[in-house]
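Coordinates as given in entry-v1.pdb (PDB, C-alpha atoms and all ligand atoms):
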MODEL        1
ATOM      1  CA  MET A  16      10.543 -30.198  10.993  1.00  0.00           C
ATOM      2  CA  GLU A  17       7.831 -27.571  10.750  1.00  0.00           C
ATOM      3  CA  CYS A  18       7.492 -24.341   8.801  1.00  0.00           C
ATOM      4  CA  HIS A  19       8.765 -21.230  10.542  1.00  0.00           C
ATOM      5  CA  TYR A  20       5.911 -19.173   9.087  1.00  0.00           C
ATOM      6  CA  CYS A  21       2.766 -21.296   9.202  1.00  0.00           C
ATOM      7  CA  LYS A  22       3.822 -24.380  11.239  1.00  0.00           C
ATOM      8  CA  GLY A  23       2.985 -26.509   8.204  1.00  0.00           C
ATOM      9  CA  LYS A  24       4.685 -29.802   7.421  1.00  0.00           C
ATOM     10  CA  MET A  25       8.034 -29.643   5.591  1.00  0.00           C
ATOM     11  CA  VAL A  26       8.931 -32.283   3.029  1.00  0.00           C
ATOM     12  CA  ALA A  27      12.226 -32.934   1.260  1.00  0.00           C
ATOM     13  CA  GLY A  28      12.063 -31.994  -2.381  1.00  0.00           C
ATOM     14  CA  LYS A  29      13.483 -29.612  -4.934  1.00  0.00           C
ATOM     15  CA  THR A  30      12.658 -26.044  -5.749  1.00  0.00           C
ATOM     16  CA  ALA A  31      13.954 -23.198  -7.898  1.00  0.00           C
ATOM     17  CA  TYR A  32      16.290 -20.661  -6.282  1.00  0.00           C
ATOM     18  CA  SER A  33      16.040 -17.232  -7.833  1.00  0.00           C
ATOM     19  CA  VAL A  34      18.412 -14.343  -7.334  1.00  0.00           C
ATOM     20  CA  ASN A  35      17.797 -10.730  -8.257  1.00  0.00           C
ATOM     21  CA  ARG A  36      21.054  -8.843  -8.509  1.00  0.00           C
ATOM     22  CA  LYS A  37      22.004  -5.458  -9.832  1.00  0.00           C
ATOM     23  CA  GLY A  38      22.050  -5.970 -13.581  1.00  0.00           C
ATOM     24  CA  TYR A  39      20.924  -9.592 -13.828  1.00  0.00           C
ATOM     25  CA  HIS A  40      18.514 -12.221 -12.603  1.00  0.00           C
ATOM     26  CA  LEU A  41      19.502 -15.792 -12.026  1.00  0.00           C
ATOM     27  CA  VAL A  42      17.270 -18.809 -11.517  1.00  0.00           C
ATOM     28  CA  ILE A  43      18.693 -22.177 -10.556  1.00  0.00           C
ATOM     29  CA  ASP A  44      16.172 -24.948 -11.111  1.00  0.00           C
ATOM     30  CA  GLU A  45      15.864 -27.969  -8.871  1.00  0.00           C
ATOM     31  CA  VAL A  46      17.872 -27.016  -5.799  1.00  0.00           C
ATOM     32  CA  PRO A  47      17.338 -29.616  -3.054  1.00  0.00           C
ATOM     33  CA  ALA A  48      15.280 -28.082  -0.245  1.00  0.00           C
ATOM     34  CA  PHE A  49      12.641 -28.728   2.375  1.00  0.00           C
ATOM     35  CA  VAL A  50       9.405 -27.243   1.142  1.00  0.00           C
ATOM     36  CA  CYS A  51       6.358 -26.383   3.265  1.00  0.00           C
ATOM     37  CA  THR A  52       3.309 -28.373   2.120  1.00  0.00           C
ATOM     38  CA  GLN A  53       1.055 -25.565   3.331  1.00  0.00           C
ATOM     39  CA  CYS A  54       2.581 -22.236   2.199  1.00  0.00           C
ATOM     40  CA  GLY A  55       5.355 -23.419  -0.139  1.00  0.00           C
ATOM     41  CA  GLU A  56       8.151 -21.710   1.786  1.00  0.00           C
ATOM     42  CA  PRO A  57      11.466 -23.388   0.926  1.00  0.00           C
ATOM     43  CA  TYR A  58      14.330 -24.058   3.346  1.00  0.00           C
ATOM     44  CA  PHE A  59      17.699 -24.639   1.751  1.00  0.00           C
ATOM     45  CA  GLU A  60      20.595 -26.598   3.199  1.00  0.00           C
ATOM     46  CA  GLU A  61      23.494 -24.477   4.403  1.00  0.00           C
ATOM     47  CA  LYS A  62      25.771 -26.249   1.901  1.00  0.00           C
ATOM     48  CA  SER A  63      23.475 -25.304  -0.995  1.00  0.00           C
ATOM     49  CA  ILE A  64      23.361 -21.677   0.144  1.00  0.00           C
ATOM     50  CA  GLN A  65      27.163 -21.614   0.351  1.00  0.00           C
ATOM     51  CA  LEU A  66      27.582 -22.976  -3.175  1.00  0.00           C
ATOM     52  CA  ILE A  67      24.995 -20.535  -4.516  1.00  0.00           C
ATOM     53  CA  GLN A  68      26.790 -17.617  -2.793  1.00  0.00           C
ATOM     54  CA  GLU A  69      30.046 -18.670  -4.494  1.00  0.00           C
ATOM     55  CA  LEU A  70      28.275 -18.860  -7.836  1.00  0.00           C
ATOM     56  CA  ILE A  71      26.746 -15.407  -7.343  1.00  0.00           C
ATOM     57  CA  SER A  72      30.089 -13.788  -6.498  1.00  0.00           C
ATOM     58  CA  GLN A  73      31.592 -15.278  -9.663  1.00  0.00           C
ATOM     59  CA  VAL A  74      28.667 -14.165 -11.805  1.00  0.00           C
ATOM     60  CA  ASP A  75      28.851 -10.684 -10.207  1.00  0.00           C
ATOM     61  CA  GLU A  76      32.435 -10.291 -11.396  1.00  0.00           C
ATOM     62  CA  ARG A  77      31.637 -11.367 -14.935  1.00  0.00           C
ATOM     63  CA  ALA A  78      28.426  -9.354 -15.108  1.00  0.00           C
ATOM     64  CA  GLU A  79      30.417  -6.229 -14.209  1.00  0.00           C
ATOM     65  CA  LYS A  80      32.815  -6.964 -17.070  1.00  0.00           C
ATOM     66  CA  ILE A  81      29.940  -7.415 -19.508  1.00  0.00           C
ATOM     67  CA  GLN A  82      28.275  -4.210 -18.343  1.00  0.00           C
ATOM     68  CA  ALA A  83      31.573  -2.329 -18.719  1.00  0.00           C
ATOM     69  CA  VAL A  84      31.933  -3.267 -22.401  1.00  0.00           C
ATOM     70  CA  GLY A  85      31.822  -0.141 -24.493  1.00  0.00           C
ATOM     71  CA  ALA A  86      31.635   2.115 -21.421  1.00  0.00           C
TER      72      ALA A  86
HETATM   73 ZN    ZN A 101       4.549 -22.812   5.732  1.00  0.00          ZN
ENDMDL
END
Please express what this file holds, its structure, as structure tokens.
Ligand SMILES: [Zn+2]
Amino acid sequence: MECHYCKGKMVAGKTAYSVNRKGYHLVIDEVPAFVCTQCGEPYFEEKSIQLIQELISQVDERAEKIQAVGA
């Protein structure tokens, strides 16, 4: 497997996945991923992306509730 950007070598490892949403930022440490040894670009498994998307939609709902307090 080679990097889509720089053709560098990809190795299995773990990296942080950060999300910037309206009203909050979320960082999940140590998500399994293939990481480029040359430019550091991470590639996440489809399963990981799916689980993160689920997490984000749940956090979105709750964040809206928090932001609506006192409004
Ligand atoms: Zn690369």
Quiz item: Which one of A:Val42, A:Ala86, A:Leu66, A:Cys51 sits closest to Met16 in chain A if you count only C-alpha atoms?
Solution: A:Cys51
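Distance check against ligand ZN 101 (chain A) using all atoms listed in the file: of A:Cys54, A:Met25, A:Val74, A:Val46, the minimum falls on A:Cys54.
Picture a line from CA of Ala83 in chain A to CA of Leu70 in chain A; it runs 20.1 Å.
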Residues returned when the PyMOL selection byres (((not hetatm)) within 12 of (chain A and resi 101)) runs on this file, as a short mmCIF file (atom, residue, chain, number, x, y, z; two decimals) with C-alpha atoms, in the coordinates of the input:
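File produced: part_21.cif:
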data_model
loop_
_atom_site.label_atom_id
_atom_site.label_comp_id
_atom_site.auth_asym_id
_atom_site.auth_seq_id
_atom_site.Cartn_x
_atom_site.Cartn_y
_atom_site.Cartn_z
CA MET A 16 10.54 -30.20 10.99
CA GLU A 17 7.83 -27.57 10.75
CA CYS A 18 7.49 -24.34 8.80
CA HIS A 19 8.76 -21.23 10.54
CA TYR A 20 5.91 -19.17 9.09
CA CYS A 21 2.77 -21.30 9.20
CA LYS A 22 3.82 -24.38 11.24
CA GLY A 23 2.98 -26.51 8.20
CA LYS A 24 4.68 -29.80 7.42
CA MET A 25 8.03 -29.64 5.59
CA VAL A 26 8.93 -32.28 3.03
CA PHE A 49 12.64 -28.73 2.38
CA VAL A 50 9.40 -27.24 1.14
CA CYS A 51 6.36 -26.38 3.26
CA THR A 52 3.31 -28.37 2.12
CA GLN A 53 1.06 -25.56 3.33
CA CYS A 54 2.58 -22.24 2.20
CA GLY A 55 5.36 -23.42 -0.14
CA GLU A 56 8.15 -21.71 1.79
CA PRO A 57 11.47 -23.39 0.93
CA TYR A 58 14.33 -24.06 3.35
#
Practice problem: Grab the CA of Gly85 in chain A to CA of Gln68 in chain A distance for me, in Å with one decimal place. | Solution: 28.3 Å
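Counting only C-alpha atoms and comparing A:Glu61, A:Asp44, A:Glu76, A:Glu69, the residue that lies closest to Lys29 in chain A is A:Asp44.
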